[in-house]
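Undergrad: So here's query12.cif, just mmCIF, C-alpha atoms:
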data_run
loop_
_atom_site.label_atom_id
_atom_site.label_comp_id
_atom_site.auth_asym_id
_atom_site.auth_seq_id
_atom_site.Cartn_x
_atom_site.Cartn_y
_atom_site.Cartn_z
CA MET A 1 -174.11 -273.29 -22.10
CA PHE A 2 -174.16 -269.55 -21.46
CA PRO A 3 -170.91 -268.21 -20.01
CA ALA A 4 -172.72 -266.53 -17.08
CA PHE A 5 -174.48 -269.79 -16.21
CA ARG A 6 -171.27 -271.77 -16.47
CA ARG A 7 -169.58 -269.24 -14.24
CA ALA A 8 -172.37 -269.51 -11.68
CA LEU A 9 -172.09 -273.29 -11.71
CA SER A 10 -168.32 -273.11 -11.23
CA LEU A 11 -168.76 -270.75 -8.29
CA GLN A 12 -171.31 -273.10 -6.78
CA ALA A 13 -168.89 -276.00 -7.20
CA LEU A 14 -166.15 -273.98 -5.56
CA ALA A 15 -168.43 -272.97 -2.68
CA LEU A 16 -169.48 -276.60 -2.20
CA ALA A 17 -165.87 -277.74 -2.16
CA LEU A 18 -165.12 -275.15 0.49
CA VAL A 19 -168.07 -276.18 2.63
CA ILE A 20 -166.92 -279.79 2.45
CA SER A 21 -163.33 -278.92 3.23
CA ALA A 22 -164.37 -276.64 6.11
CA CYS A 23 -166.52 -279.38 7.60
CA SER A 24 -163.75 -281.93 7.38
CA SER A 25 -161.05 -279.68 8.73
CA GLY A 26 -159.97 -279.32 12.30
CA PRO A 27 -158.35 -276.48 14.17
CA GLY A 28 -155.78 -276.09 11.40
CA ALA A 29 -158.39 -274.98 8.87
CA ALA A 30 -157.06 -272.45 6.40
CA ARG A 31 -157.97 -268.84 6.93
CA SER A 32 -158.07 -266.31 4.17
CA SER A 33 -154.72 -264.68 3.63
CA LEU A 34 -156.11 -261.91 1.47
CA LYS A 35 -155.16 -258.33 2.21
CA PRO A 36 -158.00 -255.94 2.96
CA GLU A 37 -159.03 -254.18 -0.24
CA SER A 38 -157.80 -250.83 1.07
CA GLN A 39 -154.25 -252.23 1.32
CA ARG A 40 -154.07 -253.79 -2.12
CA ARG A 41 -151.85 -252.17 -4.73
CA LYS A 42 -151.77 -252.48 -8.48
CA ALA A 43 -149.91 -255.49 -9.85
CA PRO A 44 -147.12 -254.32 -12.16
CA ASP A 45 -147.85 -255.06 -15.80
CA PHE A 46 -145.34 -257.03 -17.85
CA ALA A 47 -144.95 -258.45 -21.32
CA LEU A 48 -143.41 -261.90 -21.63
CA ARG A 49 -143.42 -264.61 -24.28
CA ASP A 50 -145.35 -267.85 -23.95
CA ALA A 51 -144.28 -271.25 -25.30
CA ASP A 52 -145.59 -270.33 -28.76
CA GLY A 53 -143.63 -267.08 -28.83
CA LYS A 54 -146.72 -264.96 -28.30
CA LEU A 55 -146.25 -261.78 -26.27
CA VAL A 56 -148.54 -261.88 -23.24
CA ARG A 57 -149.26 -259.00 -20.89
CA LEU A 58 -150.79 -259.18 -17.46
CA SER A 59 -153.15 -256.43 -18.63
CA ASP A 60 -154.59 -258.93 -21.15
CA TYR A 61 -156.39 -260.48 -18.17
CA ARG A 62 -158.36 -257.45 -17.03
CA GLY A 63 -161.41 -258.37 -15.01
CA LYS A 64 -160.08 -261.84 -14.21
CA VAL A 65 -158.67 -263.21 -11.00
CA VAL A 66 -155.05 -264.15 -11.80
CA LEU A 67 -152.96 -266.69 -9.95
CA LEU A 68 -149.45 -265.63 -10.93
CA ASN A 69 -146.97 -268.35 -10.02
CA PHE A 70 -143.19 -267.95 -10.25
CA TRP A 71 -141.65 -271.42 -10.49
CA ALA A 72 -138.87 -273.53 -12.01
CA THR A 73 -138.55 -277.12 -13.15
CA TRP A 74 -135.76 -277.82 -10.61
CA CYS A 75 -137.94 -276.65 -7.69
CA SER A 76 -139.60 -279.58 -5.94
CA PRO A 77 -142.18 -277.54 -3.97
CA CYS A 78 -143.15 -275.83 -7.26
CA ARG A 79 -143.69 -279.19 -8.93
CA PHE A 80 -145.83 -280.25 -6.00
CA GLU A 81 -148.20 -277.31 -6.48
CA ILE A 82 -148.55 -277.52 -10.24
CA PRO A 83 -151.21 -280.28 -10.27
CA TRP A 84 -153.32 -278.03 -7.99
CA PHE A 85 -152.98 -275.17 -10.43
CA ILE A 86 -153.96 -277.44 -13.32
CA GLU A 87 -157.06 -278.37 -11.33
CA PHE A 88 -157.85 -274.74 -10.46
CA GLN A 89 -157.53 -273.71 -14.10
CA ARG A 90 -159.89 -276.47 -15.20
CA GLN A 91 -162.38 -275.99 -12.40
CA TYR A 92 -162.54 -272.21 -12.05
CA LYS A 93 -161.71 -270.87 -15.48
CA ASP A 94 -165.36 -270.22 -16.22
CA ALA A 95 -165.71 -268.43 -12.90
CA GLY A 96 -163.05 -265.97 -14.03
CA LEU A 97 -159.75 -267.47 -12.92
CA GLU A 98 -156.61 -267.49 -15.04
CA VAL A 99 -153.51 -269.24 -13.85
CA LEU A 100 -150.27 -267.83 -15.26
CA GLY A 101 -146.95 -269.51 -14.62
CA ILE A 102 -143.69 -267.61 -14.95
CA SER A 103 -140.77 -269.96 -15.32
CA MET A 104 -137.45 -268.83 -13.90
CA ASP A 105 -135.49 -271.69 -15.46
CA GLU A 106 -132.03 -270.60 -16.59
CA ASP A 107 -132.19 -273.12 -19.44
CA GLY A 108 -135.35 -271.56 -20.85
CA TRP A 109 -137.85 -273.41 -22.98
CA GLU A 110 -135.45 -276.31 -23.51
CA ALA A 111 -136.06 -277.28 -19.88
CA VAL A 112 -139.66 -276.12 -19.65
CA LYS A 113 -141.39 -277.44 -22.77
CA PRO A 114 -140.85 -281.15 -22.00
CA PHE A 115 -142.12 -280.50 -18.48
CA LEU A 116 -145.32 -278.87 -19.76
CA THR A 117 -146.04 -281.87 -21.96
CA ARG A 118 -145.24 -284.39 -19.26
CA PHE A 119 -147.39 -282.69 -16.62
CA GLY A 120 -150.20 -281.78 -19.00
CA VAL A 121 -150.10 -278.14 -17.95
CA ASN A 122 -153.35 -276.55 -19.12
CA TYR A 123 -152.56 -272.93 -18.30
CA ARG A 124 -150.26 -270.42 -19.89
CA ILE A 125 -146.58 -270.50 -19.02
CA LEU A 126 -144.37 -267.50 -19.72
CA MET A 127 -140.59 -267.33 -19.66
CA GLY A 128 -139.48 -265.02 -16.88
CA ASP A 129 -136.42 -262.86 -16.55
CA ASP A 130 -134.72 -260.70 -13.96
CA MET A 131 -136.77 -257.66 -14.97
CA VAL A 132 -140.12 -259.24 -14.19
CA ALA A 133 -138.70 -260.71 -10.98
CA GLN A 134 -137.56 -257.23 -9.93
CA LEU A 135 -140.98 -255.81 -10.73
CA TYR A 136 -142.42 -258.31 -8.28
CA GLY A 137 -140.02 -257.55 -5.47
CA GLY A 138 -137.06 -259.73 -6.38
CA VAL A 139 -138.66 -263.20 -6.20
CA ASP A 140 -135.60 -264.59 -4.41
CA SER A 141 -137.15 -267.96 -3.74
CA LEU A 142 -139.60 -270.30 -5.42
CA PRO A 143 -142.43 -270.94 -5.50
CA THR A 144 -143.69 -267.39 -5.09
CA THR A 145 -147.32 -266.84 -6.01
CA PHE A 146 -149.33 -263.65 -6.30
CA LEU A 147 -153.11 -263.66 -6.22
CA ILE A 148 -154.37 -260.72 -8.24
CA ASP A 149 -157.95 -259.56 -7.89
CA ARG A 150 -160.33 -258.57 -10.68
CA GLN A 151 -159.21 -254.96 -10.32
CA GLY A 152 -155.62 -255.94 -11.07
CA ARG A 153 -154.43 -255.52 -7.49
CA VAL A 154 -152.21 -257.87 -5.50
CA ALA A 155 -154.55 -259.45 -2.97
CA ALA A 156 -152.12 -262.01 -1.52
CA VAL A 157 -148.53 -263.16 -1.80
CA HIS A 158 -147.54 -266.72 -0.97
CA ILE A 159 -143.84 -267.36 -0.59
CA GLY A 160 -143.07 -271.05 -0.55
CA LEU A 161 -145.41 -273.97 -0.41
CA VAL A 162 -148.79 -273.28 1.18
CA SER A 163 -151.72 -275.61 1.45
CA LYS A 164 -154.08 -276.26 -1.41
CA ARG A 165 -156.92 -275.40 0.93
CA SER A 166 -155.44 -271.98 1.55
CA TYR A 167 -155.44 -271.30 -2.19
CA GLU A 168 -159.00 -272.55 -2.51
CA LYS A 169 -160.15 -270.29 0.28
CA ASP A 170 -158.46 -267.22 -1.20
CA LEU A 171 -159.62 -267.94 -4.75
CA ALA A 172 -163.22 -268.46 -3.63
CA GLU A 173 -163.21 -265.08 -1.97
CA LEU A 174 -161.65 -263.35 -4.96
CA LEU A 175 -163.91 -265.04 -7.50
CA GLU A 176 -167.00 -263.97 -5.59
CA GLN A 177 -166.18 -260.36 -6.31
CA GLU A 178 -167.81 -259.10 -9.48
CA PRO A 179 -165.68 -257.51 -12.17
CA ASP A 180 -165.50 -253.76 -11.67
CA SER A 181 -165.50 -252.04 -15.01
CA ALA A 182 -164.36 -248.81 -13.40
CA GLY A 183 -161.26 -250.17 -11.79
CA ARG A 184 -160.23 -253.38 -13.46
CA ALA A 185 -157.23 -252.08 -15.37
CA VAL A 186 -153.81 -253.12 -14.15
CA ASP A 187 -151.03 -250.59 -13.78
CA SER A 188 -149.67 -250.22 -17.27
CA SER A 189 -147.05 -247.64 -16.34
CA ALA A 190 -144.55 -250.32 -15.58
CA VAL A 191 -144.93 -252.28 -18.81
CA LEU A 192 -141.75 -254.04 -19.72
CA ALA A 193 -141.42 -252.68 -23.20
CA GLY A 194 -139.42 -254.91 -25.44
CA ALA A 195 -139.34 -257.81 -23.01
CA ARG A 196 -138.42 -261.03 -24.74
CA MET B 197 -141.57 -252.15 -6.82
CA LEU B 198 -140.16 -253.58 -3.59
CA TRP B 199 -143.47 -252.93 -1.89
CA ILE B 200 -144.71 -256.18 -3.40
CA LEU B 201 -142.72 -258.24 -0.92
CA PRO B 202 -142.23 -256.68 2.49
CA PRO B 203 -138.72 -257.23 3.88
CA CYS B 204 -139.91 -259.79 6.40
CA LEU B 205 -141.21 -261.95 3.56
CA ARG B 206 -138.22 -261.75 1.27
CA ALA B 207 -136.21 -264.91 1.51
CA GLN B 208 -132.48 -264.43 0.99
CA ASP B 209 -130.03 -267.20 0.33
CA SER B 210 -126.86 -265.14 0.80
CA GLN B 211 -126.26 -266.63 4.22
CA VAL B 212 -127.64 -270.11 3.60
CA LEU B 213 -124.34 -271.79 2.81
CA ALA B 214 -120.85 -270.93 4.01
CA ILE B 215 -117.48 -272.44 3.26
CA GLU B 216 -114.88 -272.49 5.99
CA PRO B 217 -111.57 -271.12 4.67
CA PRO B 218 -109.70 -274.31 3.76
CA ALA B 219 -106.42 -275.19 5.42
CA ARG B 220 -103.31 -274.74 3.28
CA ILE B 221 -102.01 -277.90 1.71
CA VAL B 222 -98.30 -278.51 1.53
CA ALA B 223 -97.10 -281.19 -0.87
CA ALA B 224 -93.93 -282.26 -2.57
CA ARG B 225 -93.60 -282.57 -6.34
CA GLY B 226 -94.72 -285.99 -7.51
CA SER B 227 -96.75 -286.65 -4.35
CA GLN B 228 -100.45 -286.73 -3.61
CA ALA B 229 -102.34 -284.28 -1.43
CA GLU B 230 -105.78 -284.11 0.12
CA ALA B 231 -107.86 -280.96 0.43
CA LYS B 232 -110.80 -280.80 2.80
CA ILE B 233 -113.53 -278.30 2.13
CA THR B 234 -115.92 -277.77 5.02
CA VAL B 235 -119.35 -276.58 4.04
CA GLU B 236 -121.96 -275.41 6.51
CA LEU B 237 -125.64 -274.83 5.90
CA LYS B 238 -127.92 -272.80 8.09
CA PRO B 239 -130.30 -274.88 10.21
CA GLY B 240 -133.47 -275.70 8.34
CA TYR B 241 -131.84 -275.65 4.90
CA HIS B 242 -130.58 -278.45 2.71
CA VAL B 243 -128.88 -278.78 -0.65
CA ASN B 244 -129.33 -281.59 -3.12
CA SER B 245 -126.54 -284.11 -2.78
CA HIS B 246 -124.01 -284.78 -5.55
CA ALA B 247 -126.27 -287.65 -6.64
CA PRO B 248 -129.92 -286.64 -6.38
CA GLU B 249 -132.36 -289.35 -7.30
CA GLU B 250 -134.45 -287.23 -9.63
CA ASP B 251 -132.91 -286.01 -12.85
CA TYR B 252 -134.52 -282.57 -12.59
CA LEU B 253 -132.75 -281.75 -9.34
CA ILE B 254 -129.53 -279.75 -9.48
CA PRO B 255 -126.69 -281.63 -7.79
CA LEU B 256 -123.99 -280.22 -5.54
CA ARG B 257 -120.78 -280.04 -7.58
CA LEU B 258 -117.25 -279.05 -6.64
CA SER B 259 -114.91 -278.41 -9.55
CA TRP B 260 -111.35 -277.12 -9.72
CA GLU B 261 -109.21 -275.25 -12.15
CA THR B 262 -106.72 -278.05 -12.16
CA LYS B 263 -103.35 -276.33 -12.79
CA PRO B 264 -100.85 -277.04 -11.36
CA PHE B 265 -102.52 -280.11 -9.84
CA ARG B 266 -104.29 -283.08 -11.31
CA VAL B 267 -107.58 -283.90 -9.60
CA LEU B 268 -107.65 -287.62 -8.85
CA GLU B 269 -110.96 -287.81 -7.05
CA ILE B 270 -113.60 -285.71 -5.35
CA VAL B 271 -115.23 -287.52 -2.47
CA TYR B 272 -118.58 -286.29 -1.19
CA PRO B 273 -120.00 -287.43 2.14
CA LYS B 274 -122.80 -289.94 2.35
CA PRO B 275 -126.03 -288.04 1.76
CA ALA B 276 -129.00 -288.14 4.10
CA ARG B 277 -132.36 -289.28 2.82
CA GLU B 278 -134.90 -286.75 4.03
CA ARG B 279 -138.64 -286.82 3.66
CA HIS B 280 -140.41 -283.60 2.78
CA ALA B 281 -144.08 -282.86 2.35
CA PHE B 282 -143.50 -281.75 -1.25
CA ALA B 283 -141.79 -284.94 -2.43
CA GLN B 284 -143.24 -288.41 -2.71
CA LYS B 285 -139.86 -290.08 -2.30
CA PRO B 286 -137.13 -289.24 0.22
CA LEU B 287 -134.61 -286.77 -1.16
CA SER B 288 -130.86 -287.28 -1.22
CA VAL B 289 -129.54 -284.18 0.53
CA PHE B 290 -126.80 -282.62 2.60
CA SER B 291 -127.56 -280.42 5.59
CA GLY B 292 -125.66 -279.06 8.58
CA ALA B 293 -121.87 -279.19 8.27
CA PHE B 294 -120.11 -281.61 5.94
CA GLN B 295 -116.76 -282.09 4.23
CA ILE B 296 -115.87 -282.61 0.61
CA ILE B 297 -112.48 -284.18 0.08
CA THR B 298 -110.43 -283.64 -3.05
CA ARG B 299 -107.48 -285.93 -3.76
CA LEU B 300 -104.85 -284.18 -5.83
CA LYS B 301 -101.71 -285.28 -7.61
CA VAL B 302 -98.79 -282.89 -7.75
CA PRO B 303 -97.01 -283.31 -11.09
CA SER B 304 -93.27 -283.84 -10.80
CA ASP B 305 -92.67 -280.76 -12.92
CA ALA B 306 -95.07 -278.48 -11.01
CA PRO B 307 -93.51 -275.13 -10.14
CA ARG B 308 -92.36 -274.91 -6.54
CA GLY B 309 -93.78 -272.28 -4.25
CA PRO B 310 -97.06 -270.99 -2.90
CA GLY B 311 -100.24 -270.48 -4.83
CA ILE B 312 -104.04 -270.52 -4.70
CA LEU B 313 -106.06 -273.26 -6.32
CA VAL B 314 -109.42 -271.90 -7.42
CA GLY B 315 -112.53 -274.00 -7.48
CA LYS B 316 -116.26 -273.59 -7.83
CA LEU B 317 -119.03 -275.01 -5.71
CA ARG B 318 -122.42 -275.15 -7.38
CA TYR B 319 -125.42 -275.89 -5.24
CA GLN B 320 -129.15 -275.45 -5.02
CA ALA B 321 -130.63 -274.96 -1.58
CA CYS B 322 -134.14 -275.42 -0.24
CA THR B 323 -136.08 -275.45 2.99
CA ASP B 324 -139.06 -277.71 3.55
CA LYS B 325 -141.24 -275.10 1.81
CA LEU B 326 -139.21 -273.21 -0.75
CA CYS B 327 -136.13 -273.31 -2.94
CA PHE B 328 -133.48 -270.82 -3.96
CA PRO B 329 -132.06 -270.53 -7.45
CA PRO B 330 -128.88 -272.50 -8.12
CA LYS B 331 -125.77 -270.65 -7.11
CA THR B 332 -122.06 -271.00 -7.82
CA ILE B 333 -119.50 -269.72 -5.33
CA GLU B 334 -115.75 -269.58 -5.53
CA VAL B 335 -113.53 -271.75 -3.35
CA ARG B 336 -109.90 -270.69 -2.82
CA LEU B 337 -107.46 -273.29 -1.59
CA PRO B 338 -103.98 -272.05 -0.57
CA TYR B 339 -101.13 -274.45 -1.30
CA GLU B 340 -97.38 -274.75 -1.30
CA ILE B 341 -95.44 -277.07 -3.52
CA ARG B 342 -92.01 -278.07 -2.28
#
Could the structure of this file be written out as structure tokens, please?
TA:
Amino acid sequence: MFPAFRRALSLQALALALVISACSSGPGAARSSLKPESQRRKAPDFALRDADGKLVRLSDYRGKVVLLNFWATWCSPCRFEIPWFIEFQRQYKDAGLEVLGISMDEDGWEAVKPFLTRFGVNYRILMGDDMVAQLYGGVDSLPTTFLIDRQGRVAAVHIGLVSKRSYEKDLAELLEQEPDSAGRAVDSSAVLAGAR
Amino acid sequence: MLWILPPCLRAQDSQVLAIEPPARIVAARGSQAEAKITVELKPGYHVNSHAPEEDYLIPLRLSWETKPFRVLEIVYPKPARERHAFAQKPLSVFSGAFQIITRLKVPSDAPRGPGILVGKLRYQACTDKLCFPPKTIEVRLPYEIR
């Protein structure tokens, strides 16, 4: 199947899911938590290693919507969200979504790798450090999740557990936006050179 | 890059847990003594108990540099079992104010006089929506051996 067609189908599926969820929701229905475009700022670039030792940069995902999730294996609310992110990655990858997890586990891959296998995590996990946390404002608590638009700008920040519906709403809105070849680059001035 | 998280959104755990300065223990050589450590958590926060039911959770742990005492037992209070939206099973937690009791033995050859017994309290705190990284804080227990 052509990528564009697959992407269109994924967007349709996402739109349908939102229509269904909106119809079945009451007064507590999730509203978009996205910042207006004029208030969005570039997401700092970073370079971190994945479970295979490969150096991954945020700028590798230009033109994609990125769900950047800071988490840890000892964090119960983080573990609660991870099955949602697995689902989002599977369902909306072709529409242009990439989920990236940044683990803040002190015990490193020794703690994280068994978790990834057990939970069947289908998106890329990177090992975080204090430098990347500082780049993103400290990340004092987990989970902390940044939604980054196709132009590499922070469109929303979720601190703590939020509803799955809220993520779906935000992602639908972000995925509807077409990639902008003029402005899709992320801020590379803050690259963490030599990060693990 | 602090613009990423406005101050109102930054969660800080520096004031989540406090330890009341423990009362001085006075004990004779060869006797036993009991130290009470009172811990207080801010409303809305909890820490995992000393015996969480899931192996991935970080337990509350009090430990002591033992000299000149011998630690006989550390007694934690009975944990509460709280339900949270993010966990399928109730969690074994402490919240509010609680006491941890340490039973100590004073060796018969322990040096007489005052001193400070140093301990560490390791904990990992959460609210019903988010968690803070594990933290270790120092506990200082004044004593006098007679």
Undergrad: Give me, as a PDB file with C-alpha atoms, in the frame of the given file, all polymer residues having an atom no more than 9 Å from region 55-57 of chain A, counting all atoms listed in the file and skipping those fewer than 2 positions away in the same chain.
TA:
ATOM      1  CA  ASP A  45    -147.850-255.060 -15.800  1.00  0.00           C
ATOM      2  CA  PHE A  46    -145.340-257.030 -17.850  1.00  0.00           C
ATOM      3  CA  ALA A  47    -144.950-258.450 -21.320  1.00  0.00           C
ATOM      4  CA  LEU A  48    -143.410-261.900 -21.630  1.00  0.00           C
ATOM      5  CA  ARG A  49    -143.420-264.610 -24.280  1.00  0.00           C
ATOM      6  CA  ASP A  50    -145.350-267.850 -23.950  1.00  0.00           C
ATOM      7  CA  ASP A  52    -145.590-270.330 -28.760  1.00  0.00           C
ATOM      8  CA  GLY A  53    -143.630-267.080 -28.830  1.00  0.00           C
ATOM      9  CA  SER A  59    -153.150-256.430 -18.630  1.00  0.00           C
ATOM     10  CA  ASP A  60    -154.590-258.930 -21.150  1.00  0.00           C
ATOM     11  CA  TYR A  61    -156.390-260.480 -18.170  1.00  0.00           C
ATOM     12  CA  LEU A 126    -144.370-267.500 -19.720  1.00  0.00           C
ATOM     13  CA  VAL A 191    -144.930-252.280 -18.810  1.00  0.00           C
ATOM     14  CA  ALA A 195    -139.340-257.810 -23.010  1.00  0.00           C
ATOM     15  CA  ARG A 196    -138.420-261.030 -24.740  1.00  0.00           C
TER      16      ARG A 196
END
Undergrad: CA of Gly309 (chain B) to CA of Ser259 (chain B): how many Å, to one decimal?
TA: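 Computing the Euclidean distance for CA of Gly309 (chain B) and CA of Ser259 (chain B) yields 22.6 Å.
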Undergrad: List as JSON lines every residue of chain A that is in contact with chain B, defined as an atom at most 9 Å from one of its atoms (using all atoms listed in the file), together with the nearest atom pair and the distance in Å rounded to one decimal, sorted by chain and then rising number.
TA:
{"residue": "A:Arg41", "atom": "CA", "partner": "B:Ile200", "partner_atom": "CA", "distance": 8.3}
{"residue": "A:Ala43", "atom": "CA", "partner": "B:Ile200", "partner_atom": "CA", "distance": 8.3}
{"residue": "A:Pro44", "atom": "CA", "partner": "B:Met197", "partner_atom": "CA", "distance": 8.0}
{"residue": "A:Ala72", "atom": "CA", "partner": "B:Pro329", "partner_atom": "CA", "distance": 8.7}
{"residue": "A:Thr73", "atom": "CA", "partner": "B:Tyr252", "partner_atom": "CA", "distance": 6.8}
{"residue": "A:Trp74", "atom": "CA", "partner": "B:Leu253", "partner_atom": "CA", "distance": 5.1}
{"residue": "A:Cys75", "atom": "CA", "partner": "B:Cys327", "partner_atom": "CA", "distance": 6.1}
{"residue": "A:Ser76", "atom": "CA", "partner": "B:Phe282", "partner_atom": "CA", "distance": 6.5}
{"residue": "A:Pro77", "atom": "CA", "partner": "B:Phe282", "partner_atom": "CA", "distance": 5.2}
{"residue": "A:Cys78", "atom": "CA", "partner": "B:Leu326", "partner_atom": "CA", "distance": 8.0}
{"residue": "A:Arg79", "atom": "CA", "partner": "B:Phe282", "partner_atom": "CA", "distance": 8.1}
{"residue": "A:Phe80", "atom": "CA", "partner": "B:Phe282", "partner_atom": "CA", "distance": 5.5}
{"residue": "A:Glu81", "atom": "CA", "partner": "B:Phe282", "partner_atom": "CA", "distance": 8.3}
{"residue": "A:Met104", "atom": "CA", "partner": "B:Pro329", "partner_atom": "CA", "distance": 8.6}
{"residue": "A:Asp105", "atom": "CA", "partner": "B:Pro329", "partner_atom": "CA", "distance": 8.8}
{"residue": "A:Gln134", "atom": "CA", "partner": "B:Met197", "partner_atom": "CA", "distance": 7.2}
{"residue": "A:Leu135", "atom": "CA", "partner": "B:Met197", "partner_atom": "CA", "distance": 5.4}
{"residue": "A:Tyr136", "atom": "CA", "partner": "B:Ile200", "partner_atom": "CA", "distance": 5.8}
{"residue": "A:Gly137", "atom": "CA", "partner": "B:Leu198", "partner_atom": "CA", "distance": 4.4}
{"residue": "A:Gly138", "atom": "CA", "partner": "B:Leu198", "partner_atom": "CA", "distance": 7.4}
{"residue": "A:Val139", "atom": "CA", "partner": "B:Arg206", "partner_atom": "CA", "distance": 7.6}
{"residue": "A:Asp140", "atom": "CA", "partner": "B:Ala207", "partner_atom": "CA", "distance": 6.0}
{"residue": "A:Ser141", "atom": "CA", "partner": "B:Phe328", "partner_atom": "CA", "distance": 4.7}
{"residue": "A:Leu142", "atom": "CA", "partner": "B:Cys327", "partner_atom": "CA", "distance": 5.2}
{"residue": "A:Pro143", "atom": "CA", "partner": "B:Leu326", "partner_atom": "CA", "distance": 6.2}
{"residue": "A:Thr144", "atom": "CA", "partner": "B:Leu326", "partner_atom": "CA", "distance": 8.5}
{"residue": "A:Val154", "atom": "CA", "partner": "B:Ile200", "partner_atom": "CA", "distance": 8.0}
{"residue": "A:Val157", "atom": "CA", "partner": "B:Leu201", "partner_atom": "CA", "distance": 7.7}
{"residue": "A:Ile159", "atom": "CA", "partner": "B:Leu205", "partner_atom": "CA", "distance": 7.3}
{"residue": "A:Gly160", "atom": "CA", "partner": "B:Leu326", "partner_atom": "CA", "distance": 4.4}
{"residue": "A:Leu161", "atom": "CA", "partner": "B:Lys325", "partner_atom": "CA", "distance": 4.9}
{"residue": "A:Val162", "atom": "CA", "partner": "B:Lys325", "partner_atom": "CA", "distance": 7.8}
Undergrad: Given the file shown, enumerate the residues that the PyMOL selection byres ((chain A and resi 149-151) around 12) captures and present them as a ChimeraX atom specification.
TA: /A:34-37,40-43,58-68,95-98,146-148,152-157,170-187
Undergrad: Once the PyMOL selection byres ((chain B and resi 273) around 7) has been applied to the shown file, what residues remain in the selection, as an MDAnalysis selection string?
TA: chainID B and resid 271:272 274:275 294:296
Undergrad: Would you write out, as a PDB file with C-alpha atoms, in the frame of the given file, every residue that the PyMOL selection byres ((chain B and resi 232) around 7) captures in this file?
TA:
ATOM      1  CA  PRO B 218    -109.700-274.310   3.760  1.00  0.00           C
ATOM      2  CA  GLU B 230    -105.780-284.110   0.120  1.00  0.00           C
ATOM      3  CA  ALA B 231    -107.860-280.960   0.430  1.00  0.00           C
ATOM      4  CA  ILE B 233    -113.530-278.300   2.130  1.00  0.00           C
ATOM      5  CA  THR B 234    -115.920-277.770   5.020  1.00  0.00           C
ATOM      6  CA  GLN B 295    -116.760-282.090   4.230  1.00  0.00           C
ATOM      7  CA  ILE B 296    -115.870-282.610   0.610  1.00  0.00           C
ATOM      8  CA  ILE B 297    -112.480-284.180   0.080  1.00  0.00           C
ATOM      9  CA  THR B 298    -110.430-283.640  -3.050  1.00  0.00           C
TER      10      THR B 298
END
Undergrad: For Ala276 (chain B), list every protein, DNA or RNA residue within 7 Å, evaluated using all atoms listed in the file, and leave out those in the same chain fewer than 4 positions away; present the list as a ChimeraX atom specification.
TA: /B:288-290
Undergrad: One decimal, Å: what's the distance from CA of Gln211 (chain B) over to CA of Glu236 (chain B), could you say?
TA: 10.0 Å
